[in-house]
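Structure below is upload21.txt: compact mmCIF, C-alpha atoms and all ligand atoms.
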# COMPACT_ATOMS: atom_id res chain seq x y z
CA MET A 51 10.94 24.16 -21.05
CA ARG A 52 10.07 26.45 -18.17
CA ALA A 53 7.10 27.02 -15.92
CA ASP A 54 6.02 30.62 -15.77
CA ARG A 55 3.48 32.97 -14.33
CA THR A 56 1.83 35.01 -17.02
CA GLY A 57 0.72 38.63 -16.82
CA SER A 58 -0.85 41.09 -19.22
CA ASN A 59 2.09 42.51 -21.18
CA PRO A 60 2.25 41.81 -24.94
CA SER A 61 4.68 38.94 -24.47
CA ASP A 62 2.38 37.26 -21.92
CA ILE A 63 -0.65 37.75 -24.15
CA ARG A 64 1.17 36.19 -27.09
CA GLN A 65 2.23 33.31 -24.85
CA ARG A 66 -1.37 32.68 -23.81
CA ASN A 67 -2.63 32.95 -27.39
CA ARG A 68 0.04 30.50 -28.53
CA ALA A 69 -0.99 28.07 -25.78
CA LEU A 70 -4.63 28.44 -26.73
CA VAL A 71 -3.92 27.79 -30.41
CA LEU A 72 -1.94 24.69 -29.45
CA LYS A 73 -4.80 23.53 -27.21
CA LEU A 74 -7.44 23.93 -29.89
CA ILE A 75 -5.34 22.09 -32.46
CA ALA A 76 -4.62 19.31 -29.94
CA LEU A 77 -8.21 18.87 -28.82
CA ARG A 78 -9.91 19.28 -32.18
CA GLN A 79 -7.30 17.92 -34.62
CA HIS A 80 -7.94 18.80 -38.28
CA VAL A 81 -8.77 22.43 -37.67
CA SER A 82 -8.02 25.23 -40.13
CA ARG A 83 -6.46 28.64 -39.58
CA VAL A 84 -9.75 30.29 -40.47
CA GLU A 85 -11.61 28.26 -37.85
CA LEU A 86 -8.94 29.00 -35.23
CA ALA A 87 -9.00 32.74 -35.94
CA ARG A 88 -12.78 32.75 -35.60
CA MET A 89 -12.75 30.72 -32.35
CA ILE A 90 -10.07 32.79 -30.64
CA GLY A 91 -10.88 36.18 -32.12
CA LEU A 92 -7.38 36.81 -33.49
CA THR A 93 -6.54 38.49 -36.77
CA LYS A 94 -5.44 36.20 -39.59
CA THR A 95 -1.97 37.73 -39.45
CA THR A 96 -1.50 37.18 -35.71
CA LEU A 97 -2.86 33.66 -35.93
CA GLY A 98 -0.73 32.92 -38.99
CA ASN A 99 2.41 34.00 -37.14
CA ILE A 100 1.61 31.76 -34.17
CA VAL A 101 0.83 28.76 -36.37
CA ALA A 102 4.01 29.34 -38.42
CA GLU A 103 6.06 29.25 -35.22
CA LEU A 104 4.32 26.07 -34.00
CA VAL A 105 4.97 24.39 -37.37
CA GLU A 106 8.59 25.56 -37.38
CA ASN A 107 9.11 24.13 -33.88
CA GLY A 108 7.75 20.75 -34.93
CA LEU A 109 4.67 20.89 -32.72
CA VAL A 110 2.08 21.17 -35.48
CA ASN A 111 1.74 19.69 -38.97
CA GLU A 112 -0.09 21.07 -41.96
CA LEU A 113 -2.19 18.39 -43.59
CA ASN A 114 -1.84 18.26 -47.35
CA ALA A 115 -5.52 17.94 -48.04
CA LYS A 116 -6.18 16.35 -51.42
CA ASN A 117 -9.08 16.81 -53.74
CA SER A 118 -11.15 14.02 -55.27
CA ASN A 119 -8.56 13.52 -58.05
CA GLY A 120 -5.86 12.87 -55.48
CA ASN A 121 -4.11 16.12 -56.26
CA THR A 122 -2.78 18.37 -53.57
CA ASN A 123 -5.21 21.01 -52.40
CA LEU A 124 -4.77 24.09 -54.52
CA GLY A 125 -6.37 26.45 -52.07
CA ARG A 126 -10.04 25.66 -52.46
CA ARG A 127 -10.21 24.02 -49.03
CA PRO A 128 -8.40 25.43 -46.00
CA ILE A 129 -5.31 23.54 -44.96
CA GLU A 130 -5.97 21.57 -41.79
CA LEU A 131 -3.65 21.60 -38.82
CA ARG A 132 -2.93 18.85 -36.36
CA ILE A 133 -0.40 17.97 -33.67
CA SER A 134 2.76 16.60 -35.27
CA ASP A 135 3.53 12.93 -34.77
CA LYS A 136 7.05 14.04 -33.90
CA SER A 137 5.98 16.51 -31.22
CA PRO A 138 7.09 16.05 -27.59
CA CYS A 139 5.18 13.67 -25.35
CA ILE A 140 4.35 13.30 -21.68
CA CYS A 141 4.92 10.32 -19.43
CA GLY A 142 2.10 9.45 -17.04
CA ILE A 143 2.15 7.13 -14.03
CA LEU A 144 -0.89 5.88 -12.12
CA ILE A 145 -0.33 4.37 -8.67
CA ARG A 146 -3.05 2.03 -7.47
CA ARG A 147 -3.03 -0.29 -4.49
CA ASP A 148 -2.31 -3.40 -6.53
CA GLN A 149 -0.83 -2.04 -9.73
CA CYS A 150 1.29 0.73 -11.17
CA THR A 151 0.70 1.69 -14.80
CA GLY A 152 2.85 3.94 -16.96
CA ILE A 153 2.02 5.51 -20.30
CA VAL A 154 3.50 7.81 -22.87
CA ALA A 155 0.89 10.07 -24.44
CA ASP A 156 0.98 12.99 -26.85
CA LEU A 157 -0.63 16.41 -26.50
CA THR A 158 -3.92 15.05 -27.83
CA GLY A 159 -4.14 12.59 -24.92
CA GLN A 160 -3.57 9.62 -27.18
CA ILE A 161 -1.71 6.80 -25.43
CA LEU A 162 1.31 5.68 -27.47
CA PHE A 163 2.85 3.19 -25.04
CA ARG A 164 1.53 1.49 -21.93
CA ILE A 165 3.25 -0.73 -19.37
CA SER A 166 1.97 -2.09 -16.05
CA SER A 167 3.64 -3.63 -13.02
CA VAL A 168 2.00 -5.49 -10.17
CA ILE A 169 2.63 -3.94 -6.76
CA PRO A 170 3.39 -6.78 -4.34
CA THR A 171 1.88 -6.72 -0.86
CA SER A 172 5.45 -6.74 0.48
CA VAL A 173 6.10 -3.35 -1.13
CA SER A 174 8.00 -0.68 0.79
CA SER A 175 8.48 3.00 -0.03
CA ASP A 176 11.89 2.21 -1.52
CA SER A 177 10.71 -0.70 -3.64
CA LEU A 178 7.71 1.30 -4.86
CA ILE A 179 10.04 4.07 -5.99
CA THR A 180 12.28 1.53 -7.74
CA LEU A 181 9.26 0.02 -9.48
CA ILE A 182 8.10 3.44 -10.70
CA LEU A 183 11.56 4.46 -11.90
CA ASP A 184 11.90 1.13 -13.76
CA LEU A 185 8.56 1.79 -15.46
CA ILE A 186 9.73 5.23 -16.52
CA THR A 187 13.01 3.80 -17.87
CA ASP A 188 11.11 1.19 -19.88
CA LEU A 189 8.80 3.84 -21.30
CA GLN A 190 11.75 6.06 -22.23
CA ARG A 191 13.26 3.12 -24.12
CA CYS A 192 10.01 2.61 -26.06
CA CYS A 193 9.54 6.25 -26.97
CA ASN A 194 11.73 7.89 -29.60
CA ARG A 195 10.13 11.29 -29.04
CA LYS A 196 11.19 13.95 -26.57
CA LEU A 197 9.53 13.71 -23.15
CA ILE A 198 8.43 17.01 -21.61
CA ALA A 199 7.58 15.94 -18.08
CA ILE A 200 6.32 13.09 -15.93
CA GLY A 201 2.90 13.24 -14.33
CA VAL A 202 1.97 11.00 -11.42
CA ALA A 203 -1.58 10.25 -10.30
CA SER A 204 -1.89 8.44 -7.01
CA MET A 205 -4.59 7.27 -4.67
CA GLY A 206 -4.87 9.69 -1.81
CA PRO A 207 -4.27 11.31 0.40
CA VAL A 208 -1.64 13.26 -1.48
CA ASP A 209 -0.16 16.66 -0.65
CA VAL A 210 0.23 18.53 -3.92
CA THR A 211 1.88 21.49 -2.17
CA ALA A 212 4.67 19.26 -0.88
CA GLN A 213 4.26 16.99 -3.94
CA LYS A 214 4.17 13.84 -1.86
CA ILE A 215 2.02 10.79 -1.34
CA VAL A 216 0.97 11.10 2.30
CA ASN A 217 -0.40 7.88 3.81
CA PRO A 218 -3.00 6.08 1.68
CA PRO A 219 -5.14 3.75 3.84
CA ASN A 220 -4.45 0.04 3.31
CA PHE A 221 -1.34 0.77 1.23
CA TYR A 222 1.07 -1.44 3.14
CA GLY A 223 2.24 1.34 5.43
CA ILE A 224 3.69 3.46 2.66
CA GLN A 225 3.74 7.12 3.63
CA ASP A 226 5.39 10.47 2.98
CA VAL A 227 6.89 9.64 -0.42
CA SER A 228 8.14 12.83 -2.09
CA ILE A 229 7.54 11.28 -5.45
CA SER A 230 7.95 14.34 -7.71
CA ALA A 231 11.31 15.35 -6.24
CA ILE A 232 12.60 11.77 -6.47
CA ILE A 233 11.53 11.40 -10.12
CA LYS A 234 13.00 14.78 -11.06
CA ASN A 235 16.26 13.93 -9.30
CA LYS A 236 16.56 10.56 -11.08
CA THR A 237 15.33 11.52 -14.56
CA GLY A 238 16.09 15.22 -14.84
CA LEU A 239 12.51 15.78 -15.98
CA PRO A 240 10.01 17.91 -14.07
CA SER A 241 7.37 15.85 -12.31
CA TYR A 242 3.91 16.70 -11.03
CA LEU A 243 1.63 14.84 -8.61
CA ILE A 244 -2.15 14.75 -8.62
CA HIS A 245 -4.83 12.83 -6.70
CA ASP A 246 -6.15 10.01 -8.90
CA ALA A 247 -9.77 11.12 -8.81
CA ASP A 248 -8.75 14.72 -9.59
CA ALA A 249 -6.83 13.30 -12.52
CA GLY A 250 -9.94 11.47 -13.70
CA ALA A 251 -11.99 14.66 -13.52
CA LEU A 252 -9.38 16.60 -15.47
CA ALA A 253 -9.10 13.90 -18.14
CA GLU A 254 -12.84 14.01 -18.65
CA TYR A 255 -12.91 17.79 -18.80
CA LEU A 256 -9.97 18.14 -21.14
CA TYR A 257 -10.19 15.08 -23.36
CA GLY A 258 -13.57 13.49 -22.65
CA HIS A 259 -17.13 14.36 -23.56
CA SER A 260 -17.65 16.71 -20.63
CA SER A 261 -15.69 19.76 -21.74
CA ASP A 262 -18.88 21.82 -22.06
CA ILE A 263 -20.10 20.97 -18.54
CA ARG A 264 -18.77 23.62 -16.16
CA ASN A 265 -19.68 21.78 -12.95
CA PHE A 266 -19.43 18.04 -12.46
CA ILE A 267 -18.27 15.41 -10.00
CA TYR A 268 -16.04 12.64 -11.30
CA LEU A 269 -16.38 9.52 -9.18
CA HIS A 270 -13.79 6.78 -9.48
CA ILE A 271 -14.64 3.28 -8.31
CA ARG A 272 -11.98 0.62 -7.92
CA ASN A 273 -10.46 -0.70 -4.72
CA GLY A 274 -11.59 2.52 -3.13
CA ILE A 275 -13.89 5.37 -4.08
CA GLY A 276 -12.56 8.82 -4.91
CA ALA A 277 -14.10 12.00 -6.26
CA GLY A 278 -12.73 14.85 -8.34
CA TYR A 279 -14.53 18.14 -8.86
CA ILE A 280 -14.73 20.39 -11.89
CA LEU A 281 -16.26 23.61 -10.57
CA GLN A 282 -16.80 26.77 -12.60
CA GLY A 283 -14.89 25.18 -15.47
CA GLN A 284 -11.79 24.41 -13.42
CA LEU A 285 -10.42 21.50 -11.46
CA TYR A 286 -10.98 22.23 -7.77
CA ARG A 287 -8.09 20.77 -5.80
CA GLY A 288 -8.47 22.35 -2.35
CA ASP A 289 -5.50 23.56 -0.33
CA LEU A 290 -3.47 20.35 -0.49
CA GLY A 291 -5.12 18.47 -3.35
CA GLN A 292 -6.92 16.20 -0.90
CA CYS A 293 -10.53 17.11 -1.58
CA GLY A 294 -11.51 13.90 -3.36
CA GLU A 295 -11.66 11.51 -0.41
CA ILE A 296 -15.38 10.80 -0.62
CA GLY A 297 -14.65 7.13 0.19
CA HIS A 298 -13.54 8.27 3.63
CA THR A 299 -16.58 10.37 4.41
CA SER A 300 -18.76 8.74 7.03
CA ILE A 301 -22.23 7.44 6.25
CA ASN A 302 -22.56 5.96 9.78
CA TYR A 303 -21.05 7.73 12.77
CA SER A 304 -21.47 4.60 14.91
CA GLY A 305 -20.07 2.33 12.20
CA PRO A 306 -16.81 0.37 12.26
CA LEU A 307 -13.50 2.16 12.66
CA CYS A 308 -11.74 2.79 9.36
CA GLU A 309 -7.97 2.75 8.95
CA CYS A 310 -8.18 6.49 8.22
CA GLY A 311 -9.39 7.07 11.81
CA ASN A 312 -12.99 7.86 10.89
CA ASN A 313 -16.02 5.72 11.75
CA GLY A 314 -18.40 4.28 9.15
CA CYS A 315 -16.55 5.40 6.03
CA LEU A 316 -18.32 4.88 2.70
CA GLU A 317 -15.60 2.49 1.52
CA LEU A 318 -16.32 0.13 4.42
CA TYR A 319 -19.81 -0.42 3.04
CA ALA A 320 -19.48 0.09 -0.70
CA ASN A 321 -16.93 -2.51 -1.76
CA VAL A 322 -16.72 -5.85 -3.56
CA THR A 323 -16.40 -7.83 -0.32
CA LYS A 324 -19.69 -6.42 0.94
CA MET A 325 -21.31 -7.13 -2.44
CA ASN A 326 -20.25 -10.75 -2.17
CA GLN A 327 -21.64 -10.92 1.36
CA LYS A 328 -24.96 -9.67 0.01
CA ILE A 329 -24.94 -12.30 -2.73
CA LYS A 330 -24.15 -15.09 -0.26
CA HIS A 331 -26.86 -13.86 2.10
CA LEU A 332 -29.45 -14.05 -0.67
CA LYS A 333 -28.20 -17.31 -2.21
CA GLY A 334 -30.32 -19.63 -0.13
CA ILE A 335 -33.44 -17.56 -0.72
CA LEU A 336 -32.99 -17.12 -4.44
CA ASN A 337 -31.29 -20.31 -5.51
CA GLN A 338 -32.84 -20.11 -8.97
CA SER A 339 -30.49 -17.27 -9.86
CA PRO A 340 -28.11 -18.10 -12.74
CA ALA A 341 -25.32 -16.41 -10.74
CA ASN A 342 -25.95 -18.87 -7.95
CA GLU A 343 -25.29 -21.79 -10.26
CA VAL A 344 -21.91 -20.58 -11.46
CA LEU A 345 -20.81 -19.11 -8.17
CA ASN A 346 -18.04 -21.18 -6.63
CA GLY A 347 -16.02 -18.45 -4.95
CA ASP A 348 -16.34 -14.72 -4.68
CA PHE A 349 -17.48 -12.62 -7.58
CA THR A 350 -15.08 -10.03 -8.96
CA TRP A 351 -16.31 -6.51 -9.67
CA GLU A 352 -16.39 -7.32 -13.39
CA GLU A 353 -18.46 -10.48 -12.80
CA ILE A 354 -20.99 -8.61 -10.69
CA VAL A 355 -21.30 -5.83 -13.26
CA ARG A 356 -21.67 -8.38 -16.06
CA ALA A 357 -24.25 -10.48 -14.19
CA SER A 358 -26.18 -7.32 -13.30
CA ALA A 359 -26.22 -6.31 -16.95
CA ASN A 360 -27.87 -9.69 -17.62
CA ASP A 361 -30.45 -8.93 -14.90
CA ASP A 362 -29.22 -11.61 -12.53
CA PHE A 363 -31.15 -10.86 -9.38
CA LEU A 364 -28.37 -11.64 -6.90
CA ALA A 365 -25.90 -9.41 -8.70
CA VAL A 366 -28.48 -6.67 -9.20
CA SER A 367 -29.28 -6.77 -5.46
CA ALA A 368 -25.59 -6.47 -4.55
CA LEU A 369 -25.10 -3.62 -6.99
CA ASP A 370 -28.25 -1.92 -5.76
CA GLU A 371 -26.96 -1.96 -2.18
CA PHE A 372 -23.58 -0.66 -3.37
CA CYS A 373 -25.31 2.23 -5.16
CA THR A 374 -27.50 2.94 -2.13
CA TYR A 375 -24.42 3.53 0.03
CA LEU A 376 -22.82 5.56 -2.72
CA ALA A 377 -25.96 7.69 -3.05
CA TYR A 378 -25.87 8.52 0.69
CA ALA A 379 -22.44 10.06 0.36
CA LEU A 380 -23.05 11.62 -3.05
CA ALA A 381 -26.33 13.24 -2.01
CA ASN A 382 -24.45 15.11 0.72
CA THR A 383 -21.87 16.25 -1.79
CA ILE A 384 -24.47 17.33 -4.34
CA ASN A 385 -26.40 19.27 -1.72
CA LEU A 386 -23.20 21.01 -0.64
CA LEU A 387 -21.91 21.86 -4.08
CA ASP A 388 -25.09 22.26 -6.12
CA VAL A 389 -23.85 20.08 -8.98
CA ASN A 390 -26.13 18.16 -11.35
CA HIS A 391 -23.69 16.08 -13.37
CA ILE A 392 -21.89 12.96 -12.11
CA LEU A 393 -19.34 11.10 -14.23
CA ILE A 394 -18.26 7.70 -12.96
CA GLY A 395 -15.18 5.77 -14.00
CA TYR A 396 -14.64 2.06 -13.34
CA ASP A 397 -12.95 -0.89 -14.97
CA SER A 398 -15.34 -3.05 -16.96
CA THR A 399 -15.73 -4.27 -20.50
CA VAL A 400 -19.51 -4.31 -20.01
CA THR A 401 -21.28 -1.48 -21.79
CA SER A 402 -24.46 -1.67 -19.70
CA THR A 403 -25.56 1.54 -17.98
CA LYS A 404 -27.13 -0.34 -15.06
CA ILE A 405 -24.91 1.29 -12.40
CA GLU A 406 -25.42 4.77 -13.78
CA LYS A 407 -29.20 4.32 -13.93
CA MET A 408 -29.40 2.89 -10.40
CA LEU A 409 -27.35 5.70 -8.96
CA GLU A 410 -29.24 8.33 -10.90
CA ASP A 411 -32.61 7.04 -9.66
CA LYS A 412 -31.44 6.94 -6.04
CA LEU A 413 -29.93 10.41 -6.17
CA ASN A 414 -32.98 11.96 -7.75
CA THR A 415 -35.12 10.82 -4.83
CA ARG A 416 -32.64 12.01 -2.20
CA VAL A 417 -31.10 15.30 -3.12
CA LEU A 418 -32.42 18.52 -1.73
CA VAL A 419 -35.04 20.37 -3.77
CA ALA A 420 -35.36 17.24 -5.89
CA LYS A 421 -38.37 18.66 -7.67
CA ASN A 422 -36.23 21.34 -9.25
CA ARG A 423 -33.17 19.24 -9.87
CA LYS A 424 -32.38 16.42 -12.22
CA VAL A 425 -29.11 14.68 -11.43
CA ILE A 426 -27.54 13.08 -14.48
CA VAL A 427 -25.13 10.16 -14.01
CA LYS A 428 -23.00 9.00 -16.93
CA ARG A 429 -20.02 6.73 -17.34
CA SER A 430 -16.68 8.27 -18.14
CA VAL A 431 -15.74 7.99 -21.80
CA PHE A 432 -12.42 6.53 -20.58
CA GLY A 433 -13.99 3.80 -18.43
CA GLY A 434 -11.46 3.01 -15.71
CA ASP A 435 -8.59 4.77 -17.48
CA ALA A 436 -9.59 8.36 -16.72
CA PRO A 437 -7.05 8.78 -13.84
CA LEU A 438 -4.33 7.35 -16.08
CA ILE A 439 -5.11 9.82 -18.87
CA GLY A 440 -5.38 12.47 -16.16
CA SER A 441 -1.81 11.84 -14.99
CA VAL A 442 -0.84 13.27 -18.37
CA ALA A 443 -3.68 15.79 -18.59
CA GLN A 444 -2.42 17.63 -15.49
CA ILE A 445 0.66 18.55 -17.55
CA THR A 446 -1.04 19.25 -20.89
CA ASP A 447 -3.50 21.44 -18.97
CA LEU A 448 -0.57 23.59 -17.77
CA ILE A 449 0.83 23.68 -21.32
CA PHE A 450 -2.54 24.74 -22.71
CA GLN A 451 -2.73 27.54 -20.11
CA GLY A 452 0.71 28.78 -21.12
CA LYS A 453 2.12 27.91 -17.68
CA ILE A 454 4.55 25.37 -19.14
CA LEU A 455 6.26 26.44 -22.34
CA ILE A 456 7.32 23.88 -24.92
ZN ZN A 501 -11.88 5.97 6.18

What's the structure tokens form of this structure?
Amino acid sequence: MRADRTGSNPSDIRQRNRALVLKLIALRQHVSRVELARMIGLTKTTLGNIVAELVENGLVNELNAKNSNGNTNLGRRPIELRISDKSPCICGILIRRDQCTGIVADLTGQILFRISSVIPTSVSSDSLITLILDLITDLQRCCNRKLIAIGVASMGPVDVTAQKIVNPPNFYGIQDVSISAIIKNKTGLPSYLIHDADAGALAEYLYGHSSDIRNFIYLHIRNGIGAGYILQGQLYRGDLGQCGEIGHTSINYSGPLCECGNNGCLELYANVTKMNQKIKHLKGILNQSPANEVLNGDFTWEEIVRASANDDFLAVSALDEFCTYLAYALANTINLLDVNHILIGYDSTVTSTKIEKMLEDKLNTRVLVAKNRKVIVKRSVFGGDAPLIGSVAQITDLIFQGKILI
């Protein structure tokens, strides 16, 4: 495998066409040569040569389509192509404040193996690295297929130029971890780092239901709030890959001091602790609420989302306030970028669209030239897993651009 810059000579053009064919087979699965030739605009001969090479290298399989009698297709229907179940895979790692998750996924973005480890509050840079390397070792043991590379998605700020995790707020003092170099040194595999919200945006664009939307903001909600931007059909990463820190944009210049050094950061207002404070504040007034009856301690995020879906007034009020703060920050971003589509990712088994609807309503009354704009807010197809899928997608994206050859 090698990473390359591509130009416009015949070899480069073939390389890009090969990558594009691989991408279309990976993203569509069950696609025929005829369909591929039509989509890319290649001659049947050129396309046939590329597909033959992909099959020969074990990246692509020909499906033996059978007719209604169970006999092998005799040529009436085109033979379908798909990514081989023996093709190389990618290892992905997602670093969150409380948990590190590792996966092995194939070129289609399908997760084959998944392992998680709790990050203790006593964690140091060294023990975090050990934990990540142990995860990778465990995943390598599970997977009997070749691994191409290891992608890491981390909460920010990250420096993608230096490939290091800089100094995430409230992350136990961990800072300046050159994670990609360490992983490459220990495993011998190339490693790439991406901001978690950027990863979420890329996962949605590559593997989700948003591939036809050229401009959208992916918003990830968990312990913090991050944003990733797909602009003009590409992931926008900024100079250092630090552009997604919407949680550390101020919505109150005279607000409390945040650990990041800013005053009144969004995350200081839009968080589960504040939602619980809201619920407790309203408890005495609205003691008929079902949530009030079952509430012994603090609600978790999942419990608030679930109670809101059941129209519990206390939970709905807390969620409404959360979305109000979020809308303040997002309205600024929308007005700056001129983007209509918001995708949000969060952990929850609840299928309700209450959060999306609340946020959408608030944004559509706030954003500039609201009469001419309709902001659409949808939940990520991956729920809270978009950054995890994105840790892998950052590598498959390079493969599909012909910048990493396999
Ligand atoms: Zn902050």

Using all atoms listed in the file, find each residue with an atom at most 12 Å away from ligand ZN 501 (chain A) and format the answer as a ChimeraX atom specification. /A:206-207,217-220,274-276,295-303,305-320

Shell around Cys293 of chain A at 9 Å using only C-alpha atoms, local window under 3 positions removed, as a ChimeraX atom specification: /A:207,245,248,277-279,286-290,296

C-alpha atoms of the current selection, written as an mmCIF file, in the coordinates of the input:
data_model
loop_
_atom_site.group_PDB
_atom_site.id
_atom_site.type_symbol
_atom_site.label_atom_id
_atom_site.label_comp_id
_atom_site.auth_asym_id
_atom_site.auth_seq_id
_atom_site.Cartn_x
_atom_site.Cartn_y
_atom_site.Cartn_z
ATOM 1 C CA PRO A 207 -4.270 11.310 0.400
ATOM 2 C CA HIS A 245 -4.830 12.830 -6.700
ATOM 3 C CA ASP A 248 -8.750 14.720 -9.590
ATOM 4 C CA ALA A 277 -14.100 12.000 -6.260
ATOM 5 C CA GLY A 278 -12.730 14.850 -8.340
ATOM 6 C CA TYR A 279 -14.530 18.140 -8.860
ATOM 7 C CA TYR A 286 -10.980 22.230 -7.770
ATOM 8 C CA ARG A 287 -8.090 20.770 -5.800
ATOM 9 C CA GLY A 288 -8.470 22.350 -2.350
ATOM 10 C CA ASP A 289 -5.500 23.560 -0.330
ATOM 11 C CA LEU A 290 -3.470 20.350 -0.490
ATOM 12 C CA ILE A 296 -15.380 10.800 -0.620
#

Point-to-point distance from atom CA of Ile384 of chain A to atom CA of Val417 of chain A, Å rounded to tenths: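 So the two atoms, atom CA of Ile384 of chain A and atom CA of Val417 of chain A, lie 7.0 Å apart.
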
For Arg147 of chain A, which residue among A:Leu178, A:Asn273, A:Leu376, A:Ala87 is the nearest when counting all atoms listed in the file?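 Closest to Arg147 of chain A of all the choices is A:Asn273.
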
Taking all atoms listed in the file into account, name the residue in A:Val84, A:Leu387, A:Ile392, A:Cys141 that is nearest to Val71 of chain A.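 Checking each of A:Val84, A:Leu387, A:Ile392, A:Cys141 against Val71 of chain A, counting all atoms listed in the file, the winner is A:Val84.
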
Got a sec: who's within 8 Å of Ile280 of chain A, counting only C-alpha atoms, leaving out chain neighbours fewer than 5 positions off, as a VMD selection string? chain A and resid 251 to 252 255 264 to 268 285 to 286

With all atoms listed in the file counted, which protein, DNA or RNA residues have an atom no more than 12 Å from (-33.4, -6.9, -2.7) in the file frame? Please answer as a list in words.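 All residues meeting the 12 Å criterion around (-33.4, -6.9, -2.7) are Lys328, Ile329, His331, Leu332, Lys333, Ile335, Leu336, Asp362, Phe363, Leu364, Ala365, Val366, Ser367, Ala368, Leu369, Asp370, Glu371, Phe372 and Thr374 of chain A.
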
Hey, which of A:Thr399, A:Ser430, A:Thr187, A:Gln65 ends up closest to Ile271 of chain A? Count all atoms listed in the file. A:Ser430

Residues near Asp135 of chain A, anyone? I mean within 12 Å using all atoms listed in the file, not counting same-chain ones fewer than 3 positions away, as a compact mmCIF listing (two decimals) with C-alpha atoms, keeping the file's coordinate frame.
# COMPACT_ATOMS: atom_id res chain seq x y z
CA ALA A 76 -4.62 19.31 -29.94
CA GLN A 79 -7.30 17.92 -34.62
CA VAL A 105 4.97 24.39 -37.37
CA GLY A 108 7.75 20.75 -34.93
CA LEU A 109 4.67 20.89 -32.72
CA VAL A 110 2.08 21.17 -35.48
CA ASN A 111 1.74 19.69 -38.97
CA GLU A 112 -0.09 21.07 -41.96
CA LEU A 113 -2.19 18.39 -43.59
CA LEU A 131 -3.65 21.60 -38.82
CA ARG A 132 -2.93 18.85 -36.36
CA PRO A 138 7.09 16.05 -27.59
CA CYS A 139 5.18 13.67 -25.35
CA ALA A 155 0.89 10.07 -24.44
CA ASP A 156 0.98 12.99 -26.85
CA LEU A 157 -0.63 16.41 -26.50
CA THR A 158 -3.92 15.05 -27.83
CA GLN A 160 -3.57 9.62 -27.18
CA LEU A 162 1.31 5.68 -27.47
CA CYS A 193 9.54 6.25 -26.97
CA ASN A 194 11.73 7.89 -29.60
CA ARG A 195 10.13 11.29 -29.04
CA LYS A 196 11.19 13.95 -26.57

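Considering the residues A:Val173, A:His391, A:Gln327, A:Ala381 and counting only C-alpha atoms, Leu281 of chain A has its shortest atom-to-atom contact with A:His391.
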
Show me, as a VMD selection string, the residues that have an atom within 9 Å of Thr237 of chain A when counting all atoms listed in the file, minus same-chain residues fewer than 3 positions from it. chain A and resid 183 186 to 187 232 to 234 240

Mind giving me the straight-line distance from atom CA of Glu353 of chain A to atom CA of Val322 of chain A in Å, one decimal? 10.5 Å
